[in-house]
Every structure is written in C-alpha cells, then in structure tokens.
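my_file.cif follows (mmCIF, C-alpha atoms):
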```
data_entry
#
loop_
_atom_site.label_atom_id
_atom_site.label_comp_id
_atom_site.auth_asym_id
_atom_site.auth_seq_id
_atom_site.Cartn_x
_atom_site.Cartn_y
_atom_site.Cartn_z
CA ASP A 964 54.85 28.03 -8.04
CA THR A 965 51.49 26.43 -8.87
CA SER A 966 52.62 25.75 -12.46
CA LEU A 967 54.99 23.08 -11.12
CA THR A 968 52.37 21.18 -9.15
CA CYS A 969 49.92 18.40 -9.91
CA SER A 970 46.99 16.91 -8.04
CA LYS A 971 47.56 14.40 -5.26
CA GLY A 972 45.76 11.69 -7.21
CA THR A 973 47.93 12.23 -10.27
CA TYR A 974 51.04 12.11 -8.10
CA ASN A 975 50.03 8.86 -6.35
CA VAL A 976 49.04 7.12 -9.59
CA LEU A 977 52.07 8.09 -11.65
CA LEU A 978 54.44 7.29 -8.81
CA GLN A 979 53.57 3.61 -9.26
CA LEU A 980 55.54 3.61 -12.53
CA ARG A 981 58.72 3.35 -10.45
CA LEU A 982 58.56 -0.44 -10.70
CA VAL A 983 58.84 -0.44 -14.50
CA LEU A 984 61.53 2.23 -14.30
CA THR A 985 63.44 0.06 -11.83
CA GLY A 986 63.40 -2.83 -14.30
CA LEU A 987 64.67 -0.65 -17.16
CA LEU A 988 67.51 0.91 -15.17
CA TYR A 989 68.42 -2.43 -13.59
CA GLN A 990 68.99 -3.90 -17.06
CA ALA A 991 71.06 -0.92 -18.12
CA LEU A 992 73.28 -0.68 -15.02
CA PHE A 993 73.81 -4.36 -14.20
CA ALA A 994 73.84 -5.69 -17.79
CA ARG A 995 71.22 -8.32 -16.96
CA ARG A 996 68.10 -9.01 -18.96
CA LEU A 997 64.69 -9.79 -17.51
CA ASN A 998 62.76 -12.52 -19.29
CA ARG A 999 59.29 -12.15 -20.77
CA ASN A 1000 57.47 -13.52 -17.71
CA GLN A 1001 59.27 -11.06 -15.46
CA TRP A 1002 58.31 -8.10 -17.64
CA LEU A 1003 54.68 -9.24 -17.76
CA ALA A 1004 54.79 -9.54 -13.98
CA LEU A 1005 56.14 -5.99 -13.58
CA VAL A 1006 53.39 -4.63 -15.84
CA ALA A 1007 50.68 -6.54 -13.93
CA ILE A 1008 51.97 -5.34 -10.54
CA THR A 1009 52.16 -1.76 -11.80
CA LEU A 1010 48.58 -1.93 -13.07
CA GLY A 1011 47.48 -3.34 -9.72
CA CYS A 1012 49.13 -0.45 -7.85
CA VAL A 1013 47.55 2.06 -10.26
CA VAL A 1014 44.11 0.51 -9.72
CA LYS A 1015 44.62 0.76 -5.96
CA GLU A 1016 45.39 4.49 -6.18
CA ALA A 1017 42.90 5.30 -8.97
CA ASP A 1018 40.18 6.52 -6.61
CA LYS A 1019 42.47 9.36 -5.53
CA LEU A 1020 42.28 10.91 -9.00
CA SER A 1021 38.79 12.25 -8.37
CA ALA A 1022 39.49 13.09 -4.72
CA GLY A 1023 42.75 14.90 -5.33
CA GLY A 1024 41.22 18.33 -5.73
CA GLY A 1025 42.82 21.20 -7.56
CA LYS A 1026 43.66 20.32 -11.14
CA GLY A 1027 41.85 17.63 -13.03
CA PRO A 1028 43.07 14.04 -13.24
CA LEU A 1029 46.40 13.63 -15.06
CA ARG A 1030 46.41 17.36 -15.90
CA ALA A 1031 49.68 19.06 -15.12
CA SER A 1032 52.22 21.30 -16.76
CA LEU A 1033 55.36 20.02 -18.47
CA GLY A 1034 57.45 21.28 -15.55
CA ALA A 1035 55.38 19.23 -13.08
CA TRP A 1036 55.78 16.10 -15.21
CA MET A 1037 59.56 16.65 -15.42
CA LEU A 1038 59.86 17.15 -11.64
CA LEU A 1039 57.93 13.94 -11.04
CA LEU A 1040 60.21 12.09 -13.47
CA VAL A 1041 63.29 13.48 -11.71
CA GLN A 1042 61.92 12.34 -8.35
CA MET A 1043 61.30 8.82 -9.65
CA LEU A 1044 64.77 8.68 -11.23
CA CYS A 1045 66.42 9.81 -7.99
CA SER A 1046 64.48 7.23 -5.97
CA VAL A 1047 65.24 4.35 -8.34
CA LEU A 1048 68.88 5.28 -8.90
CA ALA A 1049 69.43 5.60 -5.14
CA GLY A 1050 68.15 2.07 -4.60
CA LEU A 1051 70.23 0.66 -7.46
CA TYR A 1052 73.37 2.48 -6.33
CA ASN A 1053 72.81 1.20 -2.80
CA GLU A 1054 72.64 -2.33 -4.19
CA LEU A 1055 75.83 -1.74 -6.18
CA LEU A 1056 77.68 -0.55 -3.07
CA LEU A 1057 76.47 -3.48 -0.98
CA LYS A 1058 77.59 -6.02 -3.59
CA ASP A 1059 80.76 -4.29 -4.76
CA ARG A 1060 82.16 -3.78 -1.24
CA ALA A 1061 81.87 -7.39 -0.12
CA GLY A 1062 84.58 -6.97 2.53
CA VAL A 1063 82.61 -4.29 4.40
CA PRO A 1064 79.94 -5.68 6.79
CA THR A 1065 76.34 -4.92 5.89
CA HIS A 1066 75.64 -3.50 9.35
CA LEU A 1067 78.47 -0.98 8.93
CA GLN A 1068 77.14 0.13 5.55
CA ASN A 1069 73.65 0.50 7.05
CA ALA A 1070 75.12 2.60 9.87
CA TYR A 1071 76.81 4.91 7.35
CA MET A 1072 73.56 5.22 5.39
CA TYR A 1073 71.52 6.16 8.47
CA ALA A 1074 74.21 8.59 9.65
CA ALA A 1075 74.13 10.29 6.24
CA SER A 1076 70.32 10.55 6.43
CA VAL A 1077 70.46 12.13 9.90
CA LEU A 1078 73.14 14.58 8.77
CA CYS A 1079 71.14 15.61 5.68
CA ASN A 1080 68.00 16.19 7.76
CA LEU A 1081 69.93 18.29 10.26
CA LEU A 1082 71.40 20.41 7.46
CA VAL A 1083 67.95 20.96 5.93
CA LEU A 1084 66.48 21.98 9.29
CA LEU A 1085 69.43 24.28 9.90
CA PHE A 1086 69.06 25.86 6.47
CA GLU A 1087 65.33 26.44 7.03
CA GLY A 1088 65.93 27.80 10.53
CA ARG A 1089 63.78 25.13 12.19
CA LEU A 1090 66.48 23.17 14.04
CA GLY A 1091 65.60 24.75 17.40
CA GLU A 1092 61.93 23.93 16.90
CA ALA A 1093 62.75 20.32 16.03
CA VAL A 1094 64.82 19.71 19.17
CA ALA A 1095 62.45 21.54 21.53
CA ARG A 1096 61.41 19.71 24.70
CA ASP A 1097 57.75 19.42 23.65
CA ASN A 1098 58.64 17.83 20.33
CA LEU A 1099 61.19 15.47 21.87
CA SER A 1100 58.71 14.37 24.53
CA ALA A 1101 56.18 13.64 21.78
CA LEU A 1102 58.72 11.35 20.12
CA CYS A 1103 59.09 9.25 23.29
CA THR A 1104 55.57 7.82 23.23
CA PRO A 1105 55.39 3.99 23.02
CA THR A 1106 53.41 4.02 19.78
CA LEU A 1107 55.84 6.30 17.97
CA LEU A 1108 58.87 4.41 19.30
CA ALA A 1109 57.33 1.16 18.01
CA VAL A 1110 56.91 2.74 14.57
CA VAL A 1111 60.54 3.90 14.62
CA ALA A 1112 61.74 0.42 15.61
CA ILE A 1113 59.70 -1.26 12.86
CA MET A 1114 60.88 1.13 10.15
CA SER A 1115 64.49 0.81 11.32
CA SER A 1116 64.29 -2.99 11.15
CA VAL A 1117 62.86 -2.72 7.64
CA GLY A 1118 65.87 -0.64 6.61
CA VAL A 1119 68.30 -3.15 8.11
CA VAL A 1120 66.59 -6.07 6.39
CA THR A 1121 66.61 -4.14 3.10
CA GLY A 1122 70.41 -3.97 3.26
CA PHE A 1123 70.69 -7.77 3.46
CA PHE A 1124 67.97 -8.12 0.82
CA LEU A 1125 69.88 -5.99 -1.69
CA ARG A 1126 73.19 -7.66 -0.91
CA HIS A 1127 71.95 -11.17 -1.64
CA LEU A 1128 69.10 -10.48 -4.10
CA ASP A 1129 68.36 -7.42 -6.27
CA SER A 1130 66.38 -4.17 -6.43
CA VAL A 1131 63.73 -5.47 -8.82
CA LEU A 1132 62.89 -8.38 -6.53
CA LYS A 1133 62.75 -5.97 -3.59
CA ALA A 1134 60.26 -3.77 -5.44
CA VAL A 1135 58.18 -6.82 -6.40
CA ALA A 1136 58.14 -8.04 -2.79
CA SER A 1137 57.17 -4.54 -1.58
CA ALA A 1138 54.13 -4.65 -3.86
CA LEU A 1139 52.69 -7.41 -1.68
CA GLU A 1140 51.78 -4.57 0.68
CA VAL A 1141 48.69 -4.09 -1.48
CA VAL A 1142 47.49 -7.63 -0.77
CA PHE A 1143 48.34 -7.72 2.94
CA SER A 1144 47.01 -4.24 3.68
CA MET A 1145 43.69 -5.10 2.05
CA LEU A 1146 43.32 -8.35 4.02
CA LEU A 1147 44.50 -6.98 7.38
CA SER A 1148 42.42 -3.80 7.06
CA SER A 1149 39.34 -5.90 6.41
CA LEU A 1150 40.05 -8.26 9.34
CA LEU A 1151 41.30 -5.80 11.97
CA PHE A 1152 39.47 -2.58 11.15
CA ALA A 1153 36.37 -3.86 9.32
CA VAL A 1154 37.25 -1.88 6.19
CA PRO A 1155 34.81 -2.91 3.43
CA LEU A 1156 36.34 -4.97 0.63
CA THR A 1157 35.54 -3.14 -2.61
CA PRO A 1158 35.80 -4.63 -6.12
CA GLN A 1159 38.54 -2.12 -6.89
CA ALA A 1160 40.67 -3.30 -3.95
CA ALA A 1161 40.05 -6.95 -4.82
CA GLY A 1162 41.03 -6.36 -8.45
CA ALA A 1163 44.20 -4.56 -7.39
CA ALA A 1164 45.10 -7.41 -5.03
CA LEU A 1165 44.51 -10.01 -7.75
CA LEU A 1166 46.71 -8.13 -10.22
CA VAL A 1167 49.52 -7.70 -7.71
CA GLY A 1168 49.30 -11.28 -6.42
CA GLY A 1169 49.23 -12.71 -9.94
CA GLY A 1170 52.19 -10.54 -10.95
CA VAL A 1171 54.25 -11.68 -7.96
CA ALA A 1172 53.43 -15.33 -8.71
CA LEU A 1173 54.38 -14.84 -12.36
CA TYR A 1174 57.68 -13.17 -11.43
CA ALA A 1175 58.53 -16.07 -9.10
CA ARG A 1176 57.85 -18.61 -11.85
CA PRO A 1177 61.12 -20.15 -13.11
CA PRO A 1178 61.94 -19.64 -16.79
CA SER A 1179 60.95 -22.48 -19.11
CA GLN A 1180 63.75 -24.86 -20.06
CA PRO A 1181 64.18 -26.05 -23.69
CA ALA A 1182 63.10 -29.61 -24.35
CA GLU A 1183 65.79 -32.24 -24.76
CA ALA A 1184 66.38 -33.40 -28.32
CA THR A 1185 68.21 -36.44 -29.73
CA THR A 1186 70.63 -36.63 -32.66
CA ALA A 1187 70.65 -39.25 -35.34
CA GLN A 1188 73.55 -40.99 -33.56
CA GLY A 1189 71.50 -41.30 -30.35
CA TYR A 1190 73.19 -38.54 -28.35
CA ALA A 1191 70.94 -36.26 -26.31
CA TYR A 1192 71.43 -32.52 -26.18
CA SER A 1193 69.53 -29.46 -24.97
CA PRO A 1194 69.56 -26.57 -27.46
CA VAL A 1195 70.05 -23.16 -25.87
CA ALA A 1196 67.65 -20.46 -27.06
CA ARG A 1197 69.90 -17.58 -28.14
CA ASP A 1198 69.35 -14.93 -30.74
CA ASP A 1199 72.80 -15.29 -32.26
CA GLU A 1200 72.83 -19.10 -32.38
CA ALA A 1201 70.79 -21.45 -34.50
CA LEU A 1202 70.90 -25.17 -35.00
CA SER A 1203 72.16 -26.20 -38.43
CA GLU A 1204 70.77 -29.02 -40.52
CA GLU A 1205 73.79 -31.21 -39.69
CA GLY A 1206 72.79 -31.37 -36.03
CA PRO A 1207 73.72 -29.55 -32.84
CA PRO A 1208 77.26 -28.25 -32.30
CA ASN A 1209 79.88 -30.10 -30.28
CA VAL A 1210 78.28 -33.52 -30.69
CA PRO A 1211 80.83 -36.21 -29.70
CA PRO A 1212 81.74 -38.72 -32.44
CA PRO A 1213 80.39 -42.28 -32.17
CA PRO A 1214 82.73 -44.83 -30.56
CA PRO A 1215 84.79 -46.98 -32.99
CA ALA A 1216 83.37 -50.39 -33.84
CA ARG A 1217 85.08 -53.42 -32.28
CA ARG A 1218 85.99 -56.59 -34.13
CA PRO A 1219 83.69 -59.49 -33.29
CA THR A 1220 85.16 -62.17 -31.06
CA GLN A 1221 84.26 -65.77 -30.47
CA PRO A 1222 82.35 -66.75 -27.34
CA GLY A 1223 84.60 -67.06 -24.31
CA GLY A 1224 86.91 -64.25 -25.46
CA THR A 1225 88.93 -66.34 -28.10
CA LYS A 1226 89.94 -64.82 -31.43
CA SER A 1227 88.16 -65.75 -34.62
CA ARG A 1228 89.69 -68.06 -37.30
CA SER A 1229 90.31 -65.19 -39.72
CA ASP A 1230 92.25 -63.29 -37.05
CA LEU A 1231 94.48 -66.32 -36.39
CA LEU A 1232 95.19 -66.77 -40.10
CA ARG A 1233 96.06 -63.07 -40.40
CA LEU A 1234 98.53 -63.35 -37.49
CA ILE A 1235 100.21 -66.43 -39.05
CA GLN A 1236 100.55 -64.65 -42.41
CA ASP A 1237 102.07 -61.55 -40.72
CA ALA A 1238 104.60 -63.73 -38.89
CA ALA A 1239 105.60 -65.53 -42.12
CA ASP A 1240 106.08 -62.24 -43.98
CA SER A 1241 108.24 -60.93 -41.15
CA ALA A 1242 110.45 -64.05 -41.18
CA SER A 1243 110.95 -63.94 -44.95
CA SER A 1244 111.93 -60.28 -44.83
CA ARG A 1245 114.59 -61.07 -42.22
CA ARG A 1246 116.17 -63.83 -44.37
CA GLU A 1247 116.43 -61.48 -47.31
#
```

Any chance you could give the structure as structure tokens?
Amino acid sequence: DTSLTCSKGTYNVLLQLRLVLTGLLYQALFARRLNRNQWLALVAITLGCVVKEADKLSAGGGKGPLRASLGAWMLLLVQMLCSVLAGLYNELLLKDRAGVPTHLQNAYMYAASVLCNLLVLLFEGRLGEAVARDNLSALCTPTLLAVVAIMSSVGVVTGFFLRHLDSVLKAVASALEVVFSMLLSSLLFAVPLTPQAAGAALLVGGGVALYARPPSQPAEATTAQGYAYSPVARDDEALSEEGPPNVPPPPPARRPTQPGGTKSRSDLLRLIQDAADSASSRRE
C-alpha cells in the first residue's frame, strides 16, 4: 500500500529522533531524571544525526521531503517505539536478573532472534531458499564471516554495557559513529570532507562532551555560627531565613581557668560556701 510509505530520506531523518524518545521513555520507566546538560546534549546529538542524513531528503525519490500520510507517520512512530522499548526492556532484564550471567542472557537473546527469523522465512515460504547450498557457501567467505564476528561481538559488549550503564548512554556512545565514520572515510577511502559532514560531527562531538560533563555542585555556604553546609537544589525545599536545616548547636562555653590548670579564686570561694551550707544543714 503506497499510502503507508514515505521517502527514504524522510525515513532516515525522522529515525534519528529515537535518541530523544529513548530519554523520555528512560525517565518514565526507570523513574530517573536527566539534568539540563544531558537534555541539551541529546538535542545536539539528534540535530547532528539529522544534519548527517539531510542530504537524503532530496535524493530519496518518490514523495517530497517530509511528505507522508498519517498512516506512514504512525507506522514510523510504532517502529521507533518498538526499537526503544526493546532496548529499555533488555536493560531491565539484565539489571533485574542479577543472578543470571550476562553471557547466558545474550545466548537466549540470539537464540530468540534466530528462531524468529526461521519462523518468518517459513511463513513466507523462503526457508528452502535461505538454506540452499549456494547461499550457504556465500556466507562462508572471509569478509562476510568477519562482519558476522564483529557484529556478534558488538551484541555481546552491548549486554555488559546495559547491565552496568544505561540505554541513554549507549545511544549517546553509538552517536560517535558519525564522528569516526567521517574521519575514517576521509583517511582510508579519500571521501571528501564536506561542510555538512563537519557540522554534523561537531554537533555530535559537542553533544557527547556535554553529556559526559558532571552536573554542577552547589557552592558551600557558611552559617552565622561558623558551620559550613552545602544547600541541595530541590524544588520542594528552600532555605529559610533562620539558616539551613539540621545545623548543629554551638558547643557550650567553658568556665575560664587560671594558667596551669588551677581553679580561679571565685570558684574556690563558691566551693567553700557550698561545703559550709552542707555542714549547717546536717547539724539542723
């Protein structure tokens, strides 16, 4: 149905919005909030990825740029939601099942992928074509086996990445592909460095650096009594005019003593008077 399709350029450009969608769903599912710098970083990286794919809008053919039916937009949104939710749910499983080894969970994930592909090929009637001798022999070439090994290692590393870090950081790190692909393509294959590619790399690199920047800490303040405290910036808390909460009271003042540790004359007179009063009360 052509009414449910969009141009290749539109698809590639809009698919870059997955990063922002990952941040939104990550906050909702894991009850964690991203700070302002992290959101600015996600927006900058998304813009960099859009700039990288922008030239495909005019070369996509078919419908004009960003022109598609409502059904095509909804299908694209469903695809992005499925992709993002799958990554977040994978992270949840890796962290929630801490007793299960990561390698075992990766094995289950790959086995499920193989099973789903076999079922799809069987449903389409192409299973015999897929396992034909000519196709299997084509898979055994060194170049293709190297690609399979690299992609498999990426999947294994992703499991450990999600277990110890999070999906948003994985998506941010994946965006560095824009920078490395531009540099390596220029060095290895003499691909010309265009202003568009340089701008995309700068946006992505700046966004990654901004995301890695630690959040600013509040400056240390001092109370009137000389105690230092660091106010925490929260929406539901505010410092009152009396000072910060939970400030310890000042230590009690000590009576002055004579040099050498001896008591003062007034203290000795007070002790003698207390002893005399005690003796008189006993006689009575």

Two-atom distance - atom CA of A:Gly1122, atom CA of A:His1066 (Å):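 Going from atom CA of A:Gly1122 over to atom CA of A:His1066, I get 8.0 Å.
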
Residue neighbourhood A:Leu1132, 12 Å, all atoms listed in the file, exclusion window fewer than 4 positions, as a CSV table (one decimal) with C-alpha atoms, in the frame of the given file:
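out_10.csv, written as the output of this step:
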```
chain,number,residue,atom,x,y,z
A,982,LEU,CA,58.6,-0.4,-10.7
A,983,VAL,CA,58.8,-0.4,-14.5
A,985,THR,CA,63.4,0.1,-11.8
A,986,GLY,CA,63.4,-2.8,-14.3
A,989,TYR,CA,68.4,-2.4,-13.6
A,997,LEU,CA,64.7,-9.8,-17.5
A,1001,GLN,CA,59.3,-11.1,-15.5
A,1004,ALA,CA,54.8,-9.5,-14.0
A,1005,LEU,CA,56.1,-6.0,-13.6
A,1050,GLY,CA,68.2,2.1,-4.6
A,1051,LEU,CA,70.2,0.7,-7.5
A,1054,GLU,CA,72.6,-2.3,-4.2
A,1121,THR,CA,66.6,-4.1,3.1
A,1124,PHE,CA,68.0,-8.1,0.8
A,1125,LEU,CA,69.9,-6.0,-1.7
A,1126,ARG,CA,73.2,-7.7,-0.9
A,1127,HIS,CA,72.0,-11.2,-1.6
A,1128,LEU,CA,69.1,-10.5,-4.1
A,1136,ALA,CA,58.1,-8.0,-2.8
A,1137,SER,CA,57.2,-4.5,-1.6
A,1138,ALA,CA,54.1,-4.6,-3.9
A,1139,LEU,CA,52.7,-7.4,-1.7
A,1170,GLY,CA,52.2,-10.5,-11.0
A,1171,VAL,CA,54.2,-11.7,-8.0
A,1172,ALA,CA,53.4,-15.3,-8.7
A,1174,TYR,CA,57.7,-13.2,-11.4
A,1175,ALA,CA,58.5,-16.1,-9.1
```

Closest of A:Val1111, A:Val1167, A:Leu1099, A:Cys1045 to A:Glu1140 - atom-to-atom distances counting all atoms listed in the file: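 Using all atoms listed in the file, A:Glu1140 sits closest to A:Val1167.
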
Shortest interatomic distance to A:Gln1042 - which of A:Leu1166, A:Leu984, A:Val1006, A:Ala1238, counting only C-alpha atoms: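 Of the candidates, the smallest distance to A:Gln1042 is held by A:Leu984.
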
Residue nearest A:Ile1008 among A:Ala1164, A:Pro1155, A:Met1072, A:Leu1044 (counting all atoms listed in the file):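 Comparing A:Ala1164, A:Pro1155, A:Met1072, A:Leu1044 against A:Ile1008, the winner is A:Ala1164.
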
Distance criterion (all atoms listed in the file): nearest to A:Leu1173 out of A:Asn1069, A:Asn998, A:Thr1157, A:Ser1046: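 Counting all atoms listed in the file, the residue closest to A:Leu1173 is A:Asn998.
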
Straight-line distance linking atom CA of A:Leu1040 with atom CA of A:Arg981, stated in Å to one decimal: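 Taking atom CA of A:Leu1040 as the start and atom CA of A:Arg981 as the end point, the length is 9.4 Å.
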
Atomic separation - atom CA of A:Gly1011 relative to atom CA of A:Tyr974, Å: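 Value for the atom CA of A:Tyr974-atom CA of A:Gly1011 distance: 15.9 Å.
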
Residue nearest A:Arg999 among A:Leu987, A:Arg1096, A:Arg1233, A:Pro1178 (counting all atoms listed in the file):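 Selected residue with least distance to A:Arg999: A:Pro1178.
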
Residue nearest A:Ala1017 among A:Phe1143, A:Leu1234, A:Gln979, A:Leu1102 (counting only C-alpha atoms): A:Gln979
